[in-house]
$ cat upload_34.tsv   # TSV, C-alpha atoms
chain	number	residue	atom	x	y	z
A	1	MET	CA	141.30	-64.07	-78.03
A	2	ASP	CA	139.93	-67.43	-76.88
A	3	PHE	CA	137.89	-69.06	-79.65
A	4	ASN	CA	136.89	-72.07	-77.56
A	5	LEU	CA	133.36	-72.46	-76.20
A	6	THR	CA	132.60	-73.40	-72.64
A	7	GLU	CA	130.94	-76.78	-71.98
A	8	GLU	CA	127.58	-75.02	-71.52
A	9	GLN	CA	127.97	-73.05	-74.74
A	10	GLN	CA	128.96	-76.17	-76.71
A	11	ALA	CA	125.97	-78.02	-75.25
A	12	PHE	CA	123.71	-75.21	-76.44
A	13	ARG	CA	125.25	-75.32	-79.94
A	14	ASP	CA	124.61	-79.08	-80.01
A	15	GLU	CA	121.00	-78.49	-78.94
A	16	VAL	CA	120.46	-76.00	-81.76
A	17	ARG	CA	121.99	-78.38	-84.30
A	18	ARG	CA	119.77	-81.26	-83.14
A	19	PHE	CA	116.72	-79.05	-83.42
A	20	LEU	CA	117.66	-78.09	-86.97
A	21	ASP	CA	118.32	-81.72	-87.93
A	22	GLU	CA	114.88	-82.71	-86.65
A	23	ASN	CA	112.78	-79.76	-87.82
A	24	LEU	CA	114.39	-78.05	-90.83
A	25	PRO	CA	113.67	-79.59	-94.25
A	26	PRO	CA	115.61	-78.70	-97.45
A	27	GLU	CA	114.85	-75.22	-98.81
A	28	GLU	CA	112.87	-76.54	-101.79
A	29	GLU	CA	110.44	-78.26	-99.38
A	30	ARG	CA	109.69	-75.20	-97.25
A	31	ASP	CA	106.20	-74.08	-98.22
A	32	GLU	CA	103.91	-71.55	-96.54
A	33	MET	CA	102.57	-74.14	-94.09
A	34	PHE	CA	106.11	-74.95	-92.99
A	35	GLN	CA	106.80	-71.25	-92.35
A	36	LEU	CA	103.82	-71.12	-89.98
A	37	LYS	CA	104.91	-74.30	-88.23
A	38	TRP	CA	108.47	-73.02	-87.92
A	39	GLY	CA	107.30	-69.77	-86.32
A	40	LYS	CA	105.40	-71.71	-83.65
A	41	LEU	CA	108.30	-74.08	-82.96
A	42	VAL	CA	110.93	-71.39	-82.38
A	43	ARG	CA	108.47	-69.29	-80.37
A	44	GLU	CA	107.72	-72.26	-78.09
A	45	LYS	CA	111.46	-72.67	-77.46
A	46	ARG	CA	111.69	-68.94	-76.65
A	47	TRP	CA	114.28	-68.47	-79.35
A	48	VAL	CA	112.37	-65.46	-80.67
A	49	GLY	CA	113.66	-62.56	-78.58
A	50	PHE	CA	116.19	-65.04	-77.17
A	51	SER	CA	118.20	-62.46	-75.18
A	52	TRP	CA	115.13	-60.64	-73.85
A	53	PRO	CA	114.18	-61.11	-70.17
A	54	LYS	CA	111.96	-64.10	-69.42
A	55	GLU	CA	109.51	-61.92	-67.49
A	56	VAL	CA	108.47	-60.20	-70.74
A	57	GLY	CA	108.29	-63.44	-72.74
A	58	GLY	CA	111.87	-63.67	-74.03
A	59	GLY	CA	114.38	-66.48	-73.64
A	60	GLY	CA	116.61	-64.93	-70.99
A	61	GLY	CA	119.70	-66.08	-72.93
A	62	ASP	CA	123.07	-64.38	-72.80
A	63	ILE	CA	124.84	-62.59	-75.64
A	64	MET	CA	127.20	-65.46	-76.45
A	65	GLU	CA	124.36	-67.98	-76.70
A	66	GLN	CA	122.45	-65.58	-78.92
A	67	ALA	CA	125.44	-65.33	-81.26
A	68	ILE	CA	125.66	-69.14	-81.38
A	69	LEU	CA	121.94	-69.43	-82.11
A	70	LYS	CA	122.03	-66.90	-84.95
A	71	GLU	CA	125.21	-68.34	-86.44
A	72	GLU	CA	123.79	-71.89	-86.56
A	73	MET	CA	120.52	-70.66	-88.05
A	74	ALA	CA	122.33	-68.64	-90.72
A	75	ASN	CA	124.65	-71.54	-91.53
A	76	ARG	CA	121.64	-73.74	-92.33
A	77	ARG	CA	119.71	-70.93	-94.09
A	78	ALA	CA	116.88	-71.37	-91.62
A	79	PRO	CA	113.89	-68.99	-91.71
A	80	PRO	CA	114.08	-65.95	-89.43
A	81	LEU	CA	113.65	-66.24	-85.67
A	82	GLY	CA	110.48	-64.17	-85.70
A	83	THR	CA	109.23	-61.98	-88.53
A	84	CYS	CA	108.56	-58.64	-86.79
A	85	ILE	CA	111.81	-57.25	-88.19
A	86	MET	CA	112.04	-53.76	-86.65
A	87	GLY	CA	110.23	-54.85	-83.52
A	88	LEU	CA	112.83	-57.50	-82.74
A	89	ALA	CA	115.81	-55.44	-83.90
A	90	TRP	CA	115.33	-52.32	-81.76
A	91	VAL	CA	111.74	-51.39	-80.94
A	92	GLY	CA	111.32	-54.24	-78.46
A	93	PRO	CA	114.66	-53.62	-76.72
A	94	ALA	CA	113.83	-49.90	-76.47
A	95	ILE	CA	110.43	-50.61	-74.90
A	96	ILE	CA	111.95	-53.16	-72.50
A	97	GLN	CA	114.53	-50.61	-71.34
A	98	TYR	CA	112.50	-47.38	-71.37
A	99	GLY	CA	108.82	-48.31	-71.63
A	100	THR	CA	106.15	-48.23	-68.96
A	101	GLN	CA	104.63	-51.47	-67.66
A	102	ASP	CA	101.54	-50.71	-69.71
A	103	GLN	CA	103.64	-50.31	-72.89
A	104	LYS	CA	105.51	-53.55	-72.22
A	105	GLY	CA	102.27	-55.43	-71.71
A	106	ARG	CA	100.74	-53.83	-74.78
A	107	PHE	CA	103.56	-54.39	-77.28
A	108	ILE	CA	106.20	-56.98	-76.30
A	109	GLU	CA	104.14	-60.17	-76.68
A	110	ASP	CA	102.76	-58.93	-80.01
A	111	ILE	CA	106.31	-58.35	-81.28
A	112	LEU	CA	107.40	-61.82	-80.22
A	113	ASP	CA	104.31	-63.36	-81.81
A	114	ALA	CA	104.73	-61.29	-85.02
A	115	LYS	CA	101.18	-59.98	-84.82
A	116	TYR	CA	102.15	-57.03	-87.07
A	117	GLN	CA	105.13	-55.05	-88.36
A	118	TRP	CA	106.83	-51.93	-87.00
A	119	CYS	CA	108.64	-49.26	-88.99
A	120	THR	CA	111.20	-46.66	-87.95
A	121	GLY	CA	110.64	-42.92	-88.40
A	122	TYR	CA	114.20	-41.59	-88.24
A	123	SER	CA	115.59	-40.33	-91.59
A	124	GLU	CA	114.38	-37.06	-93.09
A	125	PRO	CA	114.94	-35.19	-96.38
A	126	ASP	CA	117.83	-32.71	-96.50
A	127	ILE	CA	119.59	-33.79	-93.28
A	128	GLY	CA	121.81	-36.55	-94.74
A	129	SER	CA	123.63	-38.50	-92.07
A	130	ASP	CA	123.06	-35.86	-89.39
A	131	LEU	CA	120.05	-37.47	-87.71
A	132	ALA	CA	120.28	-35.11	-84.74
A	133	SER	CA	119.29	-32.24	-87.09
A	134	LEU	CA	115.81	-33.70	-87.65
A	135	GLN	CA	112.99	-31.17	-88.04
A	136	CYS	CA	109.79	-33.23	-87.77
A	137	LYS	CA	108.00	-31.45	-84.92
A	138	GLY	CA	105.97	-32.70	-82.00
A	139	VAL	CA	104.08	-30.09	-79.98
A	140	ARG	CA	102.39	-31.12	-76.76
A	141	GLU	CA	98.78	-30.02	-76.50
A	142	GLY	CA	97.04	-31.39	-73.41
A	143	ASP	CA	97.08	-35.19	-73.46
A	144	HIS	CA	98.42	-35.41	-77.05
A	145	PHE	CA	101.47	-34.54	-79.11
A	146	VAL	CA	100.62	-32.95	-82.47
A	147	VAL	CA	103.13	-34.09	-85.11
A	148	ASN	CA	103.94	-32.29	-88.37
A	149	GLY	CA	106.75	-33.08	-90.81
A	150	GLN	CA	108.16	-35.79	-93.06
A	151	LYS	CA	110.26	-38.93	-92.86
A	152	THR	CA	111.93	-40.71	-95.78
A	153	TRP	CA	113.62	-44.06	-96.55
A	154	THR	CA	111.25	-45.59	-94.01
A	155	SER	CA	111.45	-49.38	-94.31
A	156	LEU	CA	108.18	-51.38	-94.27
A	157	ALA	CA	106.07	-48.24	-93.71
A	158	GLN	CA	103.29	-49.32	-96.09
A	159	TRP	CA	102.82	-52.61	-94.22
A	160	ALA	CA	103.50	-51.53	-90.64
A	161	LYS	CA	100.84	-51.06	-88.00
A	162	TRP	CA	103.09	-49.03	-85.66
A	163	MET	CA	106.05	-46.67	-86.01
A	164	ILE	CA	108.74	-45.73	-83.53
A	165	LEU	CA	109.13	-42.03	-84.34
A	166	LEU	CA	111.67	-39.35	-83.46
A	167	VAL	CA	110.35	-35.79	-83.32
A	168	ARG	CA	111.75	-32.48	-82.16
A	169	THR	CA	109.79	-31.24	-79.17
A	170	LYS	CA	112.18	-28.44	-78.21
A	171	ALA	CA	113.98	-26.09	-80.61
A	172	ASN	CA	117.10	-23.95	-80.13
A	173	THR	CA	118.72	-26.27	-77.58
A	174	GLU	CA	122.38	-25.87	-76.67
A	175	LYS	CA	123.07	-29.31	-78.12
A	176	LYS	CA	121.07	-30.48	-81.15
A	177	HIS	CA	120.83	-33.99	-79.66
A	178	ASP	CA	118.67	-32.51	-76.90
A	179	GLY	CA	115.03	-31.72	-77.49
A	180	ILE	CA	114.38	-34.97	-79.43
A	181	THR	CA	111.51	-37.16	-78.24
A	182	CYS	CA	110.51	-40.73	-79.06
A	183	LEU	CA	106.84	-41.54	-79.77
A	184	LEU	CA	105.02	-44.79	-80.59
A	185	VAL	CA	102.58	-43.97	-83.39
A	186	GLU	CA	99.75	-45.97	-84.95
A	187	MET	CA	100.12	-45.86	-88.72
A	188	ASP	CA	96.38	-45.56	-89.34
A	189	SER	CA	96.21	-42.31	-87.34
A	190	PRO	CA	94.44	-39.49	-89.21
A	191	GLY	CA	96.91	-37.21	-90.98
A	192	ILE	CA	99.50	-39.88	-91.92
A	193	THR	CA	100.22	-40.38	-95.64
A	194	VAL	CA	102.56	-43.13	-96.87
A	195	ALA	CA	104.17	-42.86	-100.34
A	196	PRO	CA	106.11	-46.03	-101.32
A	197	ILE	CA	109.55	-45.71	-102.97
A	198	GLN	CA	110.31	-48.44	-105.52
A	199	ASN	CA	113.83	-49.73	-106.04
A	200	MET	CA	115.20	-50.85	-109.43
A	201	SER	CA	113.67	-54.32	-109.03
A	202	LYS	CA	110.25	-52.66	-108.48
A	203	GLN	CA	110.17	-53.62	-104.80
A	204	PRO	CA	108.66	-50.84	-102.63
A	205	PHE	CA	110.69	-51.65	-99.50
A	206	PHE	CA	111.09	-47.97	-98.55
A	207	ALA	CA	108.57	-45.16	-98.30
A	208	GLU	CA	108.13	-41.48	-97.56
A	209	VAL	CA	105.82	-40.73	-94.64
A	210	PHE	CA	104.05	-37.39	-94.20
A	211	PHE	CA	102.55	-36.13	-90.93
A	212	ASP	CA	99.83	-33.46	-91.03
A	213	ASP	CA	98.54	-32.53	-87.55
A	214	VAL	CA	98.79	-36.15	-86.38
A	215	LYS	CA	97.65	-36.59	-82.78
A	216	VAL	CA	99.68	-39.03	-80.67
A	217	PRO	CA	98.52	-39.76	-77.10
A	218	VAL	CA	100.98	-38.82	-74.36
A	219	ALA	CA	100.55	-42.42	-73.18
A	220	ASN	CA	102.56	-43.36	-76.29
A	221	LEU	CA	105.58	-41.31	-75.22
A	222	LEU	CA	108.54	-43.71	-74.86
A	223	GLY	CA	110.82	-42.69	-72.01
A	224	LYS	CA	110.84	-39.03	-71.07
A	225	GLU	CA	110.30	-35.99	-73.23
A	226	GLY	CA	113.68	-35.00	-74.70
A	227	GLN	CA	115.17	-38.45	-74.14
A	228	GLY	CA	114.76	-39.62	-77.75
A	229	TRP	CA	118.43	-39.53	-78.74
A	230	GLN	CA	119.49	-41.62	-75.75
A	231	ILE	CA	116.75	-44.15	-76.47
A	232	THR	CA	117.75	-44.41	-80.13
A	233	ILE	CA	121.45	-44.95	-79.45
A	234	GLY	CA	120.66	-47.60	-76.83
A	235	ALA	CA	118.21	-49.44	-79.08
A	236	LEU	CA	120.48	-49.48	-82.12
A	237	ALA	CA	123.30	-50.94	-80.01
A	238	ASN	CA	121.27	-54.12	-79.42
A	239	GLU	CA	123.32	-57.19	-80.54
A	240	ARG	CA	125.58	-55.63	-83.15
A	241	SER	CA	128.35	-58.20	-83.51
A	242	GLY	CA	127.12	-59.22	-86.99
A	243	ILE	CA	128.38	-62.82	-86.64
A	244	SER	CA	125.23	-64.27	-88.23
A	245	GLU	CA	125.51	-61.82	-91.16
A	246	VAL	CA	129.06	-63.06	-91.79
A	247	THR	CA	127.78	-66.64	-91.94
A	248	GLY	CA	125.13	-65.59	-94.45
A	249	LEU	CA	127.72	-63.84	-96.62
A	250	LEU	CA	129.90	-66.96	-96.59
A	251	ARG	CA	126.95	-68.93	-97.94
A	252	GLU	CA	126.51	-66.32	-100.67
A	253	LEU	CA	130.19	-66.72	-101.60
A	254	ASP	CA	129.72	-70.49	-101.86
A	255	LEU	CA	126.93	-69.87	-104.37
A	256	LEU	CA	129.13	-67.41	-106.27
A	257	LYS	CA	131.91	-70.00	-106.49
A	258	GLU	CA	129.44	-72.59	-107.74
A	259	LEU	CA	128.29	-70.15	-110.42
A	260	ALA	CA	131.93	-69.52	-111.46
A	261	ARG	CA	132.54	-73.26	-111.56
A	262	ASN	CA	129.59	-73.76	-113.91
A	263	SER	CA	130.26	-70.70	-116.11
A	264	GLN	CA	132.58	-70.67	-119.10
A	265	LEU	CA	135.33	-68.12	-119.78
A	266	GLY	CA	137.59	-68.67	-122.76
A	267	GLY	CA	136.41	-72.25	-123.12
A	268	ARG	CA	137.25	-73.18	-119.51
A	269	PRO	CA	135.39	-73.00	-116.20
A	270	ALA	CA	135.48	-69.36	-115.07
A	271	LEU	CA	136.75	-70.44	-111.65
A	272	GLU	CA	140.04	-71.48	-113.27
A	273	ASP	CA	140.67	-67.92	-114.49
A	274	ALA	CA	143.16	-66.00	-112.33
A	275	ARG	CA	141.19	-62.74	-112.52
A	276	VAL	CA	138.00	-64.45	-111.36
A	277	ARG	CA	139.83	-66.15	-108.51
A	278	ARG	CA	141.32	-62.81	-107.42
A	279	ARG	CA	137.89	-61.17	-107.35
A	280	ILE	CA	136.43	-63.96	-105.24
A	281	ALA	CA	139.49	-63.91	-102.96
A	282	GLU	CA	138.93	-60.18	-102.41
A	283	TYR	CA	135.36	-60.81	-101.25
A	284	GLU	CA	136.48	-63.68	-99.01
A	285	THR	CA	139.12	-61.45	-97.43
A	286	ARG	CA	136.53	-58.80	-96.64
A	287	VAL	CA	134.21	-61.37	-95.08
A	288	ALA	CA	137.09	-62.79	-93.00
A	289	ALA	CA	137.87	-59.27	-91.77
A	290	MET	CA	134.20	-58.82	-90.89
A	291	ARG	CA	134.23	-62.05	-88.89
A	292	PHE	CA	137.23	-61.02	-86.78
A	293	ASN	CA	135.77	-57.55	-86.28
A	294	GLY	CA	132.51	-59.19	-85.22
A	295	LEU	CA	134.33	-61.33	-82.68
A	296	ARG	CA	135.94	-58.19	-81.25
A	297	TYR	CA	132.52	-56.54	-80.96
A	298	LEU	CA	131.08	-59.67	-79.36
A	299	THR	CA	133.94	-59.77	-76.85
A	300	LYS	CA	133.22	-56.16	-75.85
A	301	GLN	CA	129.54	-56.93	-75.40
A	302	ILE	CA	130.29	-59.96	-73.21
A	303	ARG	CA	132.52	-57.75	-71.05
A	304	GLY	CA	129.72	-55.20	-70.76
A	305	GLU	CA	131.63	-52.56	-72.71
A	306	PRO	CA	129.65	-50.22	-74.98
A	307	LEU	CA	129.91	-50.53	-78.75
A	308	GLY	CA	130.43	-47.31	-80.63
A	309	SER	CA	131.39	-46.17	-84.08
A	310	GLU	CA	133.59	-49.19	-84.83
A	311	THR	CA	130.58	-51.16	-86.06
A	312	SER	CA	130.49	-48.86	-89.12
A	313	VAL	CA	133.53	-50.76	-90.45
A	314	ASN	CA	131.53	-53.95	-90.93
A	315	LYS	CA	128.56	-52.06	-92.34
A	316	LEU	CA	130.87	-50.58	-94.97
A	317	HIS	CA	132.24	-54.02	-95.87
A	318	THR	CA	128.71	-55.40	-96.13
A	319	ALA	CA	127.65	-52.63	-98.52
A	320	HIS	CA	130.61	-53.34	-100.79
A	321	ILE	CA	129.99	-57.09	-100.86
A	322	GLU	CA	126.23	-56.80	-101.38
A	323	LYS	CA	126.70	-54.55	-104.40
A	324	TYR	CA	129.72	-55.97	-106.17
A	325	THR	CA	129.23	-59.72	-105.74
A	326	ALA	CA	125.82	-59.53	-107.44
A	327	GLU	CA	127.22	-57.44	-110.31
A	328	PHE	CA	130.14	-59.85	-110.67
A	329	ALA	CA	127.71	-62.76	-110.82
A	330	LEU	CA	125.98	-61.10	-113.79
A	331	GLU	CA	129.37	-60.67	-115.49
A	332	LEU	CA	130.01	-64.39	-115.09
A	333	GLN	CA	126.68	-65.16	-116.75
A	334	GLY	CA	127.50	-63.14	-119.86
A	335	SER	CA	124.43	-62.44	-122.00
A	336	TYR	CA	122.32	-64.65	-119.70
A	337	GLY	CA	122.78	-62.00	-117.00
A	338	ALA	CA	120.40	-59.71	-118.91
A	339	ILE	CA	117.47	-62.13	-118.56
A	340	ALA	CA	114.88	-60.70	-116.16
A	341	PRO	CA	113.82	-62.80	-113.15
A	342	GLY	CA	110.73	-64.88	-113.87
A	343	ARG	CA	111.34	-64.99	-117.67
A	344	ASN	CA	113.03	-67.52	-119.95
A	345	HIS	CA	114.50	-69.56	-117.08
A	346	PRO	CA	117.34	-67.32	-115.85
A	347	ILE	CA	120.35	-68.94	-114.16
A	348	ASP	CA	119.79	-69.73	-110.46
A	349	HIS	CA	116.15	-68.68	-110.88
A	350	GLY	CA	117.23	-65.06	-111.30
A	351	ARG	CA	118.58	-64.63	-107.76
A	352	TRP	CA	121.60	-62.62	-108.95
A	353	GLN	CA	119.48	-60.32	-111.11
A	354	LYS	CA	117.24	-59.62	-108.12
A	355	GLU	CA	120.23	-58.88	-105.92
A	356	ALA	CA	121.90	-56.68	-108.53
A	357	LEU	CA	118.75	-54.59	-108.90
A	358	GLY	CA	117.81	-54.61	-105.21
A	359	TRP	CA	121.19	-54.05	-103.52
A	360	CYS	CA	120.24	-50.46	-102.61
A	361	THR	CA	117.83	-51.81	-100.00
A	362	ALA	CA	120.65	-53.45	-98.06
A	363	VAL	CA	123.13	-50.65	-98.71
A	364	ILE	CA	120.91	-47.66	-97.84
A	365	GLY	CA	119.31	-49.35	-94.81
A	366	GLY	CA	121.17	-48.42	-91.64
A	367	GLY	CA	123.22	-45.71	-93.34
A	368	THR	CA	124.82	-45.38	-96.78
A	369	PRO	CA	128.55	-46.08	-97.41
A	370	ASN	CA	129.28	-42.32	-97.40
A	371	ILE	CA	127.67	-42.04	-93.97
A	372	GLN	CA	129.75	-44.96	-92.68
A	373	LYS	CA	132.94	-43.44	-94.13
A	374	ASN	CA	132.21	-40.12	-92.41
A	375	ILE	CA	131.61	-41.90	-89.08
A	376	ILE	CA	134.88	-43.84	-89.41
A	377	ALA	CA	136.82	-40.74	-90.47
A	378	GLU	CA	135.48	-38.38	-87.81
A	379	ARG	CA	134.81	-40.60	-84.80
A	380	ILE	CA	137.52	-43.25	-85.14
A	381	LEU	CA	140.35	-41.54	-87.06
A	382	GLY	CA	139.71	-38.05	-85.67
A	383	LEU	CA	139.64	-36.36	-89.07
A	384	PRO	CA	137.89	-32.98	-89.60
A	385	HIS	CA	134.12	-32.92	-89.88
A	386	ASP	CA	132.84	-33.29	-93.47
$ encode --input "upload_34.tsv" --output "structure tokens"
Amino acid sequence: MDFNLTEEQQAFRDEVRRFLDENLPPEEERDEMFQLKWGKLVREKRWVGFSWPKEVGGGGGDIMEQAILKEEMANRRAPPLGTCIMGLAWVGPAIIQYGTQDQKGRFIEDILDAKYQWCTGYSEPDIGSDLASLQCKGVREGDHFVVNGQKTWTSLAQWAKWMILLVRTKANTEKKHDGITCLLVEMDSPGITVAPIQNMSKQPFFAEVFFDDVKVPVANLLGKEGQGWQITIGALANERSGISEVTGLLRELDLLKELARNSQLGGRPALEDARVRRRIAEYETRVAAMRFNGLRYLTKQIRGEPLGSETSVNKLHTAHIEKYTAEFALELQGSYGAIAPGRNHPIDHGRWQKEALGWCTAVIGGGTPNIQKNIIAERILGLPHD
């Protein structure tokens, strides 16, 4: 594997670094006005939707440049490149690939400009990791689909204006992946009820969504009827190397080391204790493995090769690190770890308490560890179906 950048790629990295030097203040100086200014600056440079085609408002950049951009931003803890989370992650790419010209004109610029949020109507009760077994129904009646059913663990549903929704439009198909259709649904449509789900830190990031005779115009059909599974797989494959996530985790480990350095264990800095050093070394080893896996994924993308189940390996590592580093940080704090965020001046402003209580958001999103283990076992190792 060649780790060296081309002259053009190095020039782009230098450009990103200069931009950050000139426009990114220290974190403690980033107020709400700065966030607005930042959004305009990166949008003007077409770094929001950087790899999207220029004709739809994107930057027209290649995959390698996108990885460089995200890595540099993560390394400096810069604000996000755009705030329409689901829209940028997979809704936009799906519309670019499968949408009509009217749908592209209607939605893409709004996603890039963060006019509103999108949510994703995929997971359902009682189907576990088997998304293809979804039962939420869409029946075509004239110029509308009538939707009935339920979705759960839907991120951002209570704040979203639109949902990308998978429904079953044909039952009893030879393959369960067939008969699934993708619809673009306005969240204020009559018949939609959103019930927020709070996590342990009282953050309602997820929600249940109920559909009771919801009418969705046929004009909001994405792709063809029955093409939903293909659209979903293609959209979720958008930029999955995870290089920027690795950079973010390395920054988290730096903060964990600083906490260990400032904590006391047996009258000495906790970082001098062999058990503490082993725990931190374990996390660093996992992150290093994630980085090399990410470089393999990135190499495949550059070569135009499809990414498959192998990305579940990094998702599994991420889940482990997100959960156990926060809990370990509370152990290092001793009795101070029990202080709730926002009260009595907790260490590091309570960031570790928030992460320890809110890790389920990161771990459940995109598939739980058990789901990832099943994917690795069945699709990579060829073990029997669970």
$ residues_around --input "upload_34.tsv" --residues "stretch 72-74 of chain A" --least-positions-apart "5" --cutoff "8 Å" --atoms "all atoms listed in the file" --output "list in words"
Arg13, Val16, Arg17, Pro79, Ser244, Glu245, Thr247 and Gly248 of chain A
$ residues_around --input "upload_34.tsv" --residues "stretch 168-176 of chain A" --least-positions-apart "2" --cutoff "9 Å" --atoms "all atoms listed in the file" --output "ChimeraX atom specification"
/A:132-140,145,166,178-182,225-226,228
$ closest_residue --input "upload_34.tsv" --among "A:Arg291, A:Gln353, A:Gly60, A:Ile371" --to "A:Tyr336" --atoms "all atoms listed in the file"
A:Gln353
$ closest_residue --input "upload_34.tsv" --among "A:Met200, A:Ala235, A:Met187, A:Val209" --to "A:Gln97" --atoms "all atoms listed in the file"
A:Ala235
$ atom_distance --input "upload_34.tsv" --atom1 "atom CA of A:Glu272" --atom2 "atom CA of A:Glu258"
12.0 Å
$ closest_residue --input "upload_34.tsv" --among "A:Ala195, A:Val146, A:Ala289, A:Ala319" --to "A:Gly367" --atoms "all atoms listed in the file"
A:Ala319
$ residues_around --input "upload_34.tsv" --residues "A:Gly334" --least-positions-apart "4" --cutoff "12 Å" --atoms "all atoms listed in the file" --output "JSON, numbers by chain"
{"A": [259, 260, 263, 264, 265, 266, 270, 327, 328, 329, 330, 338, 339, 346, 347]}
$ atom_distance --input "upload_34.tsv" --atom1 "atom CA of A:Glu8" --atom2 "atom CA of A:Gly92"
27.3 Å
$ closest_residue --input "upload_34.tsv" --among "A:Leu183, A:Pro196, A:Tyr116, A:Phe210" --to "A:Lys161" --atoms "only C-alpha atoms"
A:Tyr116
$ closest_residue --input "upload_34.tsv" --among "A:Val56, A:Ile380, A:Asn262, A:Pro369" --to "A:Gly105" --atoms "all atoms listed in the file"
A:Val56
$ closest_residue --input "upload_34.tsv" --among "A:Val194, A:Val147, A:Ile364, A:Ile231" --to "A:Val218" --atoms "all atoms listed in the file"
A:Val147
$ build_atoms --input "upload_34.tsv" --residues "stretch 55-71 of chain A" --atoms "N, CA and C atoms" --output "mmCIF file, keeping the file's coordinate frame"
data_model
loop_
_atom_site.group_PDB
_atom_site.id
_atom_site.type_symbol
_atom_site.label_atom_id
_atom_site.label_comp_id
_atom_site.auth_asym_id
_atom_site.auth_seq_id
_atom_site.Cartn_x
_atom_site.Cartn_y
_atom_site.Cartn_z
ATOM 1 N N GLU A 55 110.735 -62.495 -68.052
ATOM 2 C CA GLU A 55 109.510 -61.920 -67.490
ATOM 3 C C GLU A 55 108.668 -61.187 -68.537
ATOM 4 N N VAL A 56 109.259 -60.841 -69.677
ATOM 5 C CA VAL A 56 108.470 -60.200 -70.740
ATOM 6 C C VAL A 56 108.184 -61.176 -71.886
ATOM 7 N N GLY A 57 108.575 -62.438 -71.721
ATOM 8 C CA GLY A 57 108.290 -63.440 -72.740
ATOM 9 C C GLY A 57 109.486 -63.867 -73.559
ATOM 10 N N GLY A 58 110.666 -63.298 -73.291
ATOM 11 C CA GLY A 58 111.870 -63.670 -74.030
ATOM 12 C C GLY A 58 112.509 -64.933 -73.495
ATOM 13 N N GLY A 59 113.710 -65.231 -74.020
ATOM 14 C CA GLY A 59 114.380 -66.480 -73.640
ATOM 15 C C GLY A 59 115.331 -66.337 -72.481
ATOM 16 N N GLY A 60 115.691 -65.122 -72.105
ATOM 17 C CA GLY A 60 116.610 -64.930 -70.990
ATOM 18 C C GLY A 60 118.019 -65.415 -71.286
ATOM 19 N N GLY A 61 118.368 -65.597 -72.578
ATOM 20 C CA GLY A 61 119.700 -66.080 -72.930
ATOM 21 C C GLY A 61 120.742 -64.975 -72.890
ATOM 22 N N ASP A 62 122.017 -65.397 -72.823
ATOM 23 C CA ASP A 62 123.070 -64.380 -72.800
ATOM 24 C C ASP A 62 123.540 -64.064 -74.224
ATOM 25 N N ILE A 63 124.416 -63.080 -74.336
ATOM 26 C CA ILE A 63 124.840 -62.590 -75.640
ATOM 27 C C ILE A 63 125.582 -63.652 -76.434
ATOM 28 N N MET A 64 126.429 -64.439 -75.757
ATOM 29 C CA MET A 64 127.200 -65.460 -76.450
ATOM 30 C C MET A 64 126.273 -66.543 -77.009
ATOM 31 N N GLU A 65 125.307 -66.969 -76.223
ATOM 32 C CA GLU A 65 124.360 -67.980 -76.700
ATOM 33 C C GLU A 65 123.538 -67.442 -77.869
ATOM 34 N N GLN A 66 123.190 -66.173 -77.815
ATOM 35 C CA GLN A 66 122.450 -65.580 -78.920
ATOM 36 C C GLN A 66 123.262 -65.585 -80.203
ATOM 37 N N ALA A 67 124.561 -65.290 -80.088
ATOM 38 C CA ALA A 67 125.440 -65.330 -81.260
ATOM 39 C C ALA A 67 125.524 -66.746 -81.824
ATOM 40 N N ILE A 68 125.623 -67.736 -80.941
ATOM 41 C CA ILE A 68 125.660 -69.140 -81.380
ATOM 42 C C ILE A 68 124.380 -69.501 -82.104
ATOM 43 N N LEU A 69 123.246 -69.122 -81.522
ATOM 44 C CA LEU A 69 121.940 -69.430 -82.110
ATOM 45 C C LEU A 69 121.824 -68.839 -83.513
ATOM 46 N N LYS A 70 122.164 -67.555 -83.658
ATOM 47 C CA LYS A 70 122.030 -66.900 -84.950
ATOM 48 C C LYS A 70 123.015 -67.461 -85.972
ATOM 49 N N GLU A 71 124.212 -67.788 -85.525
ATOM 50 C CA GLU A 71 125.210 -68.340 -86.440
ATOM 51 C C GLU A 71 124.753 -69.695 -86.981
#
